[in-house]
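Next comes entry37.txt, a file with compact mmCIF, C-alpha atoms.
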# COMPACT_ATOMS: atom_id res chain seq x y z
CA MET A 89 -22.28 3.34 -69.67
CA PRO A 90 -22.08 5.52 -66.52
CA ALA A 91 -21.66 3.92 -63.12
CA PRO A 92 -25.13 4.87 -61.79
CA ALA A 93 -26.75 3.18 -64.77
CA VAL A 94 -24.81 -0.01 -64.05
CA LEU A 95 -25.86 0.12 -60.42
CA TRP A 96 -29.44 0.65 -61.48
CA LEU A 97 -29.34 -2.46 -63.64
CA VAL A 98 -27.71 -4.50 -60.88
CA ALA A 99 -30.30 -3.31 -58.42
CA GLY A 100 -33.08 -4.21 -60.80
CA LEU A 101 -31.70 -7.72 -61.22
CA LEU A 102 -31.34 -8.26 -57.50
CA GLY A 103 -34.78 -6.94 -56.67
CA ALA A 104 -36.43 -6.02 -53.42
CA PRO A 105 -35.00 -8.64 -50.99
CA MET A 106 -31.61 -6.92 -51.13
CA ALA A 107 -33.10 -3.64 -50.01
CA SER A 108 -34.96 -5.25 -47.17
CA ALA A 109 -31.79 -7.00 -46.05
CA VAL A 110 -30.01 -3.69 -45.82
CA HIS A 111 -32.89 -2.26 -43.90
CA ASP A 112 -32.85 -5.18 -41.50
CA THR A 113 -29.17 -4.77 -40.69
CA THR A 114 -29.51 -1.13 -39.86
CA THR A 115 -32.77 -0.99 -37.95
CA ALA A 116 -32.84 -4.23 -36.01
CA ALA A 117 -33.73 -3.65 -32.34
CA PRO A 118 -32.59 -6.43 -30.01
CA ASP A 119 -34.46 -5.57 -26.87
CA ALA A 120 -36.53 -2.94 -25.17
CA VAL A 121 -33.74 -1.67 -22.93
CA ARG A 122 -31.57 -0.88 -25.89
CA ASP A 123 -34.50 0.87 -27.54
CA ALA A 124 -34.97 3.03 -24.49
CA VAL A 125 -31.31 4.00 -24.46
CA ARG A 126 -31.45 4.78 -28.14
CA ASP A 127 -34.45 7.04 -27.64
CA SER A 128 -32.72 9.00 -24.92
CA VAL A 129 -29.23 9.22 -26.43
CA PRO A 130 -29.03 10.34 -30.04
CA GLY A 131 -25.49 9.07 -30.51
CA GLN A 132 -26.53 5.55 -29.60
CA GLN A 133 -28.86 5.21 -32.54
CA PRO A 134 -27.21 3.38 -35.42
CA PRO A 135 -27.49 5.32 -38.64
CA VAL A 136 -30.51 4.40 -40.66
CA PHE A 137 -30.46 4.51 -44.40
CA ASP A 138 -33.08 7.07 -45.32
CA ALA A 139 -33.68 6.72 -49.06
CA SER A 140 -35.83 9.82 -49.12
CA ARG A 141 -32.73 12.02 -48.68
CA PHE A 142 -31.34 10.91 -52.03
CA ASP A 143 -32.59 10.88 -55.57
CA SER A 144 -33.89 7.52 -56.72
CA LEU A 145 -30.87 6.57 -58.76
CA THR A 146 -28.43 7.37 -55.96
CA ALA A 147 -30.61 5.57 -53.42
CA VAL A 148 -30.58 2.40 -55.48
CA GLY A 149 -26.84 2.61 -56.01
CA LEU A 150 -26.30 3.05 -52.29
CA ARG A 151 -28.48 0.03 -51.53
CA VAL A 152 -26.32 -2.07 -53.83
CA LEU A 153 -23.15 -0.82 -52.18
CA LEU A 154 -24.50 -1.43 -48.69
CA ASP A 155 -25.62 -4.90 -49.64
CA SER A 156 -22.19 -5.72 -50.98
CA ALA A 157 -20.64 -4.40 -47.79
CA THR A 158 -22.90 -6.58 -45.69
CA ALA A 159 -21.92 -9.59 -47.75
CA GLU A 160 -18.25 -8.76 -47.20
CA GLY A 161 -18.75 -8.32 -43.47
CA ILE A 162 -18.02 -4.61 -43.60
CA PRO A 163 -20.02 -2.51 -41.13
CA THR A 164 -22.61 -0.43 -42.94
CA GLY A 165 -22.97 2.26 -40.29
CA PRO A 166 -19.94 4.31 -41.38
CA LEU A 167 -21.02 4.01 -45.00
CA ILE A 168 -24.52 5.25 -44.26
CA ASN A 169 -23.00 8.13 -42.29
CA ARG A 170 -20.88 9.11 -45.27
CA ALA A 171 -23.92 9.01 -47.56
CA LEU A 172 -26.02 11.11 -45.19
CA GLU A 173 -23.22 13.65 -44.89
CA GLY A 174 -23.07 13.96 -48.65
CA ALA A 175 -26.82 14.46 -48.82
CA ALA A 176 -26.64 17.14 -46.14
CA ARG A 177 -23.96 18.96 -48.10
CA ARG A 178 -26.06 18.71 -51.25
CA VAL A 179 -23.37 16.83 -53.14
CA PRO A 180 -24.33 15.21 -56.47
CA GLY A 181 -25.37 11.58 -56.23
CA ALA A 182 -22.53 10.25 -58.34
CA ARG A 183 -20.05 11.88 -55.97
CA ILE A 184 -21.79 10.32 -52.95
CA LEU A 185 -21.56 6.88 -54.50
CA GLN A 186 -17.87 7.40 -55.26
CA VAL A 187 -17.07 8.52 -51.71
CA VAL A 188 -19.05 5.72 -50.07
CA ARG A 189 -17.35 3.12 -52.23
CA ALA A 190 -13.89 4.55 -51.43
CA HIS A 191 -14.73 4.47 -47.73
CA ALA A 192 -15.81 0.83 -47.99
CA VAL A 193 -12.44 -0.05 -49.53
CA ALA A 194 -10.67 1.87 -46.76
CA LEU A 195 -12.70 -0.02 -44.16
CA VAL A 196 -11.50 -3.32 -45.59
CA GLN A 197 -7.88 -2.14 -45.45
CA ALA A 198 -8.33 -0.86 -41.91
CA ARG A 199 -9.77 -4.19 -40.82
CA GLU A 200 -6.77 -6.01 -42.26
CA ALA A 201 -4.40 -3.65 -40.41
CA LEU A 202 -6.19 -3.48 -37.07
CA GLY A 203 -7.21 -7.12 -36.98
CA PRO A 204 -10.43 -8.93 -36.26
CA GLY A 205 -12.48 -7.93 -33.26
CA THR A 206 -11.90 -4.24 -33.80
CA PRO A 207 -14.97 -2.16 -32.86
CA VAL A 208 -16.82 -0.42 -35.66
CA MET A 209 -15.91 3.10 -34.49
CA GLU A 210 -12.24 2.16 -34.37
CA LEU A 211 -12.45 0.65 -37.84
CA ASP A 212 -14.04 3.85 -39.08
CA ALA A 213 -11.27 5.88 -37.49
CA GLY A 214 -8.68 3.61 -39.11
CA ALA A 215 -10.31 3.99 -42.52
CA THR A 216 -10.32 7.76 -42.10
CA ALA A 217 -6.65 7.67 -41.12
CA LEU A 218 -5.82 5.74 -44.29
CA ARG A 219 -7.62 8.39 -46.31
CA ALA A 220 -5.55 11.07 -44.58
CA GLY A 221 -2.31 9.53 -45.82
CA VAL A 222 -1.45 7.24 -42.92
CA ASP A 223 -0.17 3.89 -44.13
CA SER A 224 -1.32 0.49 -42.94
CA ARG A 225 1.95 -0.13 -41.07
CA SER A 226 1.19 2.83 -38.84
CA LEU A 227 -2.15 1.30 -37.90
CA VAL A 228 -0.40 -1.98 -37.18
CA ALA A 229 2.11 -0.13 -34.98
CA ILE A 230 -0.70 1.54 -33.05
CA ARG A 231 -2.41 -1.80 -32.60
CA GLY A 232 0.85 -3.01 -31.09
CA THR A 233 0.58 -0.37 -28.39
CA ARG A 234 -3.13 -0.56 -27.64
CA ALA A 235 -5.61 -3.43 -27.54
CA ALA A 236 -8.78 -3.55 -29.63
CA GLY A 237 -11.18 -0.88 -28.47
CA ALA A 238 -8.46 1.22 -26.81
CA ALA A 239 -6.79 2.68 -29.87
CA MET A 240 -9.37 5.29 -30.78
CA ILE A 241 -7.56 8.38 -29.50
CA PRO A 242 -4.12 7.41 -30.90
CA ILE A 243 -5.67 6.91 -34.33
CA VAL A 244 -7.62 10.17 -34.15
CA VAL A 245 -4.54 12.12 -33.06
CA LEU A 246 -2.38 10.47 -35.71
CA THR A 247 -4.91 11.35 -38.40
CA ASP A 248 -5.10 14.96 -37.27
CA ILE A 249 -1.39 15.69 -37.02
CA VAL A 250 -0.66 14.03 -40.36
CA GLN A 251 -3.33 16.18 -41.92
CA ARG A 252 -1.71 19.26 -40.39
CA GLY A 253 1.56 18.58 -42.18
CA ILE A 254 3.59 16.34 -39.88
CA PRO A 255 5.38 13.63 -41.90
CA ALA A 256 3.59 10.32 -41.51
CA VAL A 257 6.60 8.44 -40.12
CA THR A 258 7.40 11.17 -37.60
CA ALA A 259 3.78 11.30 -36.50
CA ARG A 260 3.62 7.52 -36.13
CA ASP A 261 6.77 7.42 -34.01
CA ALA A 262 5.53 10.19 -31.76
CA VAL A 263 2.05 8.75 -31.27
CA THR A 264 3.23 5.21 -30.63
CA THR A 265 5.90 6.44 -28.22
CA ILE A 266 3.31 8.25 -26.13
CA ALA A 267 0.63 5.59 -26.54
CA ARG A 268 2.91 2.98 -24.96
CA GLN A 269 2.77 4.87 -21.68
CA PRO A 270 -0.05 4.00 -19.31
CA ALA A 271 -3.01 6.37 -19.13
CA SER A 272 -1.68 8.48 -21.96
CA ASP A 273 -4.90 9.63 -23.64
CA ASP A 274 -4.58 13.11 -22.15
CA LEU A 275 -0.97 13.29 -23.29
CA LEU A 276 -2.05 12.42 -26.82
CA LYS A 277 -4.77 15.08 -26.74
CA GLY A 278 -2.14 17.56 -25.58
CA LEU A 279 0.07 16.55 -28.49
CA GLN A 280 -2.77 17.17 -30.93
CA LEU A 281 -3.51 20.60 -29.47
CA THR A 282 0.15 21.59 -29.50
CA VAL A 283 0.55 20.64 -33.13
CA ALA A 284 -2.72 22.34 -34.08
CA ARG A 285 -1.70 25.60 -32.42
CA ASN A 286 1.66 25.67 -34.16
CA ALA A 287 0.50 24.38 -37.53
CA VAL A 288 -0.90 27.81 -38.41
CA ARG A 289 2.71 29.00 -38.60
CA GLY A 290 3.67 26.25 -41.02
CA PRO A 291 4.49 22.54 -41.01
CA GLY A 292 8.04 23.21 -39.83
CA MET A 293 6.84 24.94 -36.70
CA ALA A 294 4.35 22.13 -36.08
CA ALA A 295 7.11 19.53 -36.38
CA ASP A 296 9.30 21.54 -34.04
CA ALA A 297 6.48 21.79 -31.51
CA LEU A 298 5.92 18.04 -31.76
CA ALA A 299 9.59 17.34 -31.01
CA ARG A 300 9.59 19.71 -28.04
CA TYR A 301 6.38 18.19 -26.68
CA LEU A 302 7.76 14.72 -27.04
CA ARG A 303 10.99 15.62 -25.27
CA GLY A 304 9.06 17.12 -22.41
CA THR A 305 6.65 14.23 -22.18
CA VAL A 306 8.74 11.14 -22.52
CA ASN A 307 11.79 12.20 -20.49
CA GLY A 308 14.21 12.52 -23.32
CA VAL A 309 13.10 9.53 -25.31
CA LEU A 310 13.14 10.78 -28.87
CA PRO A 311 12.13 8.77 -31.90
CA SER A 312 14.89 8.32 -34.42
CA SER A 313 13.01 10.21 -37.09
CA ALA A 314 12.40 13.31 -34.98
CA PRO A 315 12.89 16.44 -37.04
CA ALA A 316 15.65 18.94 -36.47
CA THR A 317 14.60 21.72 -34.16
CA THR A 318 15.24 25.41 -34.30
CA ASP A 319 16.28 25.67 -30.68
CA ARG A 320 19.82 24.74 -31.59
CA LYS A 321 22.33 27.51 -31.78
CA PRO A 322 23.06 28.42 -35.40
CA ILE A 323 26.33 27.12 -36.71
CA ARG A 324 28.33 29.67 -38.63
CA PRO A 325 29.40 28.24 -41.96
CA PRO A 326 33.16 28.08 -42.49
CA VAL A 327 34.68 30.98 -44.34
CA PRO A 328 35.93 29.79 -47.74
CA MET B 206 79.14 69.82 -50.98
CA ALA B 207 82.21 67.58 -50.76
CA ASP B 208 80.55 64.95 -48.65
CA ARG B 209 77.80 64.55 -51.20
CA ASP B 210 77.82 61.21 -53.05
CA PRO B 211 76.38 61.91 -56.45
CA LEU B 212 74.08 59.28 -57.88
CA PRO B 213 75.29 57.37 -60.85
CA LEU B 214 73.19 59.12 -63.49
CA VAL B 215 74.50 56.93 -66.25
CA PRO B 216 75.84 53.46 -66.13
CA ALA B 217 79.48 52.99 -65.76
CA GLU B 218 79.78 51.34 -69.12
CA ALA B 219 78.50 54.45 -70.92
CA ASP B 220 80.28 55.28 -74.12
CA ASP B 221 80.94 58.97 -73.49
CA PRO B 222 83.08 59.44 -70.36
CA ALA B 223 83.35 63.16 -71.04
CA LEU B 224 79.63 63.60 -70.96
CA VAL B 225 79.40 61.57 -67.78
CA ALA B 226 82.01 63.68 -66.13
CA ARG B 227 80.25 66.86 -67.15
CA LEU B 228 76.86 65.72 -65.87
CA THR B 229 78.36 64.58 -62.60
CA ALA B 230 79.99 67.94 -62.13
CA LEU B 231 76.72 69.77 -62.85
CA TYR B 232 74.83 67.62 -60.31
CA ALA B 233 77.47 68.18 -57.69
CA ALA B 234 77.28 71.90 -58.25
CA THR B 235 73.50 72.00 -57.67
CA PRO B 236 72.74 73.61 -54.25
CA LEU B 237 70.81 71.65 -51.60
CA PRO B 238 67.13 72.51 -51.19
CA PRO B 239 66.10 74.61 -48.21
CA GLU B 240 65.35 72.81 -44.94
CA GLY B 241 61.52 73.11 -45.04
CA GLN B 242 61.11 72.17 -48.67
CA ALA B 243 61.32 68.41 -48.06
CA GLU B 244 58.74 68.58 -45.32
CA GLN B 245 56.45 70.66 -47.51
CA CYS B 246 56.77 68.14 -50.31
CA ALA B 247 55.97 65.24 -48.00
CA ARG B 248 52.85 66.98 -46.69
CA ALA B 249 51.61 67.59 -50.23
CA VAL B 250 52.04 63.95 -51.19
CA LEU B 251 50.26 62.77 -48.01
CA ALA B 252 47.32 65.16 -48.50
CA ARG B 253 46.86 63.99 -52.07
CA ALA B 254 46.83 60.36 -50.98
CA MET B 255 44.09 61.02 -48.39
CA HIS B 256 41.72 62.43 -51.00
CA GLN B 257 42.01 59.75 -53.58
CA PRO B 258 38.88 59.13 -55.70
CA VAL B 259 36.52 56.15 -54.84
CA ARG B 260 37.80 54.04 -57.65
CA ALA B 261 41.33 52.93 -57.47
CA ALA B 262 43.61 52.88 -60.43
CA ASP B 263 42.61 49.36 -61.48
CA GLY B 264 38.83 50.12 -61.46
CA VAL B 265 38.01 48.23 -58.26
CA PRO B 266 36.07 50.35 -55.75
CA ARG B 267 37.92 51.18 -52.58
CA ILE B 268 36.30 49.92 -49.39
CA ARG B 269 35.09 52.82 -47.24
CA TRP B 270 34.51 52.60 -43.54
CA TRP B 271 30.99 53.99 -43.71
CA TRP B 272 29.80 51.21 -46.03
CA GLY B 273 29.72 48.80 -43.10
CA ALA B 274 27.76 51.27 -40.98
CA ALA B 275 25.17 51.73 -43.72
CA ALA B 276 24.75 47.97 -44.17
CA ALA B 277 24.27 47.53 -40.43
CA ALA B 278 21.63 50.26 -40.35
CA ILE B 279 19.71 48.70 -43.25
CA LEU B 280 19.83 45.29 -41.54
CA VAL B 281 18.48 46.71 -38.28
CA LEU B 282 15.67 48.50 -40.09
CA GLY B 283 14.72 45.36 -42.02
CA VAL B 284 14.57 43.20 -38.91
CA ARG B 285 12.54 45.82 -37.11
CA ILE B 286 9.97 46.11 -39.90
CA THR B 287 9.59 42.32 -40.12
CA THR B 288 9.12 42.00 -36.37
CA THR B 289 6.49 44.72 -36.35
CA ARG B 290 4.58 42.99 -39.14
CA ASP B 291 4.61 39.71 -37.20
CA ARG B 292 3.28 41.47 -34.15
CA THR B 293 0.26 42.69 -36.07
CA GLY B 294 -0.83 39.10 -36.72
CA VAL B 295 0.20 38.46 -40.34
CA PRO B 296 1.00 35.62 -40.28
CA ALA B 297 -0.75 34.73 -37.06
CA PRO B 298 1.52 33.63 -34.25
CA ALA B 299 0.85 30.35 -32.51
CA THR B 300 -0.50 31.96 -29.38
CA ALA B 301 -2.97 34.16 -31.22
CA THR B 302 -6.61 33.38 -30.74
CA PRO B 303 -8.05 32.18 -34.01
CA GLU B 304 -10.94 34.13 -35.39
CA LEU B 305 -13.11 31.05 -35.19
CA ALA B 306 -12.85 29.43 -31.79
CA GLY B 307 -14.78 26.47 -30.49
CA THR B 308 -14.75 24.19 -27.49
CA VAL B 309 -16.25 20.87 -26.53
CA THR B 310 -16.59 20.30 -22.81
CA PRO B 311 -18.10 17.33 -21.01
CA THR B 312 -21.10 18.07 -18.83
CA ARG B 313 -23.37 16.00 -16.66
CA ALA B 314 -25.84 15.61 -19.51
CA GLY B 315 -23.35 14.88 -22.23
CA LEU B 316 -21.18 17.22 -24.27
CA ARG B 317 -21.46 20.98 -24.63
CA PHE B 318 -20.42 22.35 -28.02
CA GLU B 319 -19.59 26.04 -28.19
CA ILE B 320 -18.35 28.16 -31.03
CA GLN B 321 -17.42 31.80 -31.35
CA LEU B 322 -18.19 33.21 -34.78
CA PRO B 323 -16.48 36.45 -35.78
CA ASP B 324 -19.25 37.52 -38.13
CA ALA B 325 -22.92 37.98 -37.39
CA ALA B 326 -24.81 34.75 -37.97
CA GLN B 327 -28.58 34.43 -37.92
CA GLN B 328 -28.73 30.74 -37.05
CA VAL B 329 -26.20 28.03 -36.31
CA ALA B 330 -26.81 24.27 -36.19
CA LEU B 331 -24.71 21.40 -34.94
CA VAL B 332 -24.53 18.50 -37.39
CA GLY B 333 -22.74 15.21 -37.10
CA ASP B 334 -22.98 11.48 -37.32
CA PHE B 335 -25.04 11.53 -34.12
CA ASN B 336 -28.00 13.31 -35.77
CA GLY B 337 -27.74 12.06 -39.34
CA TRP B 338 -26.03 15.30 -40.42
CA SER B 339 -29.37 17.05 -40.27
CA ALA B 340 -29.14 20.82 -40.02
CA SER B 341 -32.55 20.99 -38.38
CA ALA B 342 -31.96 18.37 -35.68
CA THR B 343 -29.72 20.27 -33.24
CA PRO B 344 -30.02 24.05 -33.47
CA MET B 345 -27.56 26.02 -31.35
CA VAL B 346 -28.52 28.79 -28.96
CA ARG B 347 -27.06 32.28 -29.13
CA ARG B 348 -25.10 33.10 -25.98
CA GLY B 349 -24.98 36.86 -26.29
CA PRO B 350 -24.09 39.68 -28.63
CA GLN B 351 -20.46 38.56 -28.95
CA GLY B 352 -21.16 35.88 -31.56
CA GLY B 353 -21.16 32.90 -29.23
CA TRP B 354 -23.35 29.87 -29.87
CA ALA B 355 -23.81 26.73 -27.77
CA ALA B 356 -25.59 23.39 -27.81
CA GLU B 357 -25.58 20.53 -25.33
CA ILE B 358 -26.40 17.00 -26.38
CA PRO B 359 -26.03 13.56 -24.83
CA LEU B 360 -23.56 11.37 -26.65
CA THR B 361 -22.45 7.82 -26.11
CA PRO B 362 -18.75 7.07 -25.62
CA GLY B 363 -16.88 6.81 -28.85
CA ARG B 364 -15.75 8.82 -31.84
CA HIS B 365 -18.11 11.33 -33.40
CA GLU B 366 -17.59 13.58 -36.41
CA TYR B 367 -19.29 16.95 -36.34
CA ALA B 368 -19.40 20.41 -37.88
CA PHE B 369 -21.31 23.66 -37.49
CA VAL B 370 -23.67 24.87 -40.20
CA VAL B 371 -23.97 28.66 -40.26
CA ASP B 372 -27.11 30.14 -41.80
CA GLY B 373 -27.96 26.83 -43.40
CA ARG B 374 -25.21 26.91 -46.00
CA ARG B 375 -21.73 27.47 -44.56
CA TRP B 376 -19.94 24.54 -42.88
CA VAL B 377 -17.33 25.55 -40.33
CA ILE B 378 -15.33 23.69 -37.72
CA ASP B 379 -13.20 24.55 -34.74
CA PRO B 380 -9.71 25.04 -36.22
CA LEU B 381 -7.98 23.55 -33.18
CA ALA B 382 -10.17 20.46 -32.81
CA PRO B 383 -8.99 17.12 -34.19
CA GLN B 384 -9.90 16.95 -37.83
CA VAL B 385 -10.51 14.29 -40.42
CA PRO B 386 -9.58 14.67 -44.08
CA ASP B 387 -12.04 15.81 -46.63
CA ALA B 388 -13.94 12.74 -47.76
CA GLY B 389 -14.69 14.32 -51.11
CA PHE B 390 -17.63 16.44 -50.04
CA GLY B 391 -15.85 19.67 -49.18
CA PRO B 392 -14.35 21.09 -45.98
CA SER B 393 -13.06 18.76 -43.31
CA ASN B 394 -15.05 17.71 -40.27
CA ALA B 395 -13.98 17.84 -36.65
CA VAL B 396 -13.84 14.84 -34.36
CA VAL B 397 -14.64 14.43 -30.71
CA VAL B 398 -13.89 11.28 -28.74
CA GLU B 399 -16.27 11.02 -25.85
CA GLY B 400 -15.12 9.09 -22.83
CA GLY B 401 -11.58 8.25 -23.96
CA SER B 402 -10.38 5.01 -25.38
CA GLU B 403 -8.19 3.48 -22.67

Just give me the structure of the file as structure tokens.
Amino acid sequence: MPAPAVLWLVAGLLGAPMASAVHDTTTAAPDAVRDAVRDSVPGQQPPVFDASRFDSLTAVGLRVLLDSATAEGIPTGPLINRALEGAARRVPGARILQVVRAHAVALVQAREALGPGTPVMELDAGATALRAGVDSRSLVAIRGTRAAGAAMIPIVVLTDIVQRGIPAVTARDAVTTIARQPASDDLLKGLQLTVARNAVRGPGMAADALARYLRGTVNGVLPSSAPATTDRKPIRPPVP
Amino acid sequence: MADRDPLPLVPAEADDPALVARLTALYAATPLPPEGQAEQCARAVLARAMHQPVRAADGVPRIRWWWGAAAAAILVLGVRITTTRDRTGVPAPATATPELAGTVTPTRAGLRFEIQLPDAAQQVALVGDFNGWSASATPMVRRGPQGGWAAEIPLTPGRHEYAFVVDGRRWVIDPLAPQVPDAGFGPSNAVVVEGGSE
């Protein structure tokens, strides 16, 4: 039996209260001031699950997934965002369900790594980093350098440079080394831009640029896993 | 001729002493060559040695001085051709401006998203988690005939994923912006962190 059919049956057994619960968690409005801010700033509005953007089977499956996430204490906003993105890209419903479920699992892992009290946006960034190939220990290391709510940029930069071909351990060492410095968000953004500019020439050039940037930024403090650089003079091999 | 020391043509223990004596006498009676004949002979041997064939007697090619010069010339030409190809942009050097360039700059009203598209687009929209990924929510405005498009929206502090939708079907992002991996839907999205995290 295909997964959507199973979800359909589960949704039918659970009935309408589940759907209304999901709706309540995503559209609740605490006070008038917050409503006014939401009306004026689009980014402030929490994502609302709009079932009309999906076919009926996918919409029911998503409601089941969101309800399960609510029961687990997982924030539903990032999951709804993923689903809406899939609908905007005209992806088949089964694929949307698969991606949303994978993101929910990643959110759970990110919460375990980053700890309780982590803001939703930071959790979402952590889940995205895990999907990019960053391991949980890297998230724990970043949490060791920044408090909850202050680790957004390190996680975003780590995700980006790993995706551009920097080895995960090298990237983690570089990001945590810079993130330990006070007021280092701009330095981290500079690291991301440097790696991005050099990544078009290949991962080796990106790694070399990372090492150079780190040397120039942290006054000679190099992580132990820094890659070899090409600025060394070539050593002539011994004549046999 | 008396001071000449004839060579021992035959060993001393030869059986026929008469023959030895006769040969020795004949050799001693041979007149010396003229003065210039030795020099002429030496010149002939030297000239022959200078025009030896490429292969030596054992089949191994002789090393010629101009082989090194030819190898050096080929090396220089190869390096020069490679350098010229790099200069034309294939592959693109790090300092080259990518064909697709975008910027996100903070303004008083929020964030200003700009993108430079190399090809002619009819309409461009900004989509992201701030507008429900709706291609009709935030259309971008053309900035001139050079392919520039811009949109300015208010955003709350935090992390936002976004992309540009060209002509309603093609999703593109700024290649230098922070990116997130493909979630399973297709091309990656870009990320902007408004307000910093410290």

message = Contacts from chain A to chain B, 8 Å maximum, all atoms listed in the file: show me the residue list as a ChimeraX atom specification.
response = /A:129-133,135,169,172-174,176-177,179,183-184,187,209-210,213,216-217,219-220,237-241,244-245,247-248,251,271,273,280-281,284-289

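Relative to CA of Leu251 in chain B, CA of Thr235 in chain B is found at 26.8 Å.
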
key: d(CA of Ser144 in chain A, CA of Ala175 in chain A) in Å   =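 Those two atoms sit 12.7 Å apart.
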
message = Residues within 7 Å of Ala259 in chain A, please, as a ChimeraX atom specification. Count all atoms listed in the file; anything in the same chain fewer than 6 positions from it doesn't count.
response = /A:246,249-250

Six-sided padding of 5 Å per side, axis-aligned box over range 183-197 of chain A, centre and edges in Å, one decimal, as lines of an AutoDock Vina configuration file:
center_x = -14.8
center_y = 4.3
center_z = -50.1
size_x = 23.9
size_y = 25.2
size_z = 21.8

ask   = What separation in Å, quoted to one decimal, exists between CA of Leu276 in chain A and CA of Ala356 in chain B?
value =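 Going from CA of Leu276 in chain A over to CA of Ala356 in chain B covers 26.0 Å.
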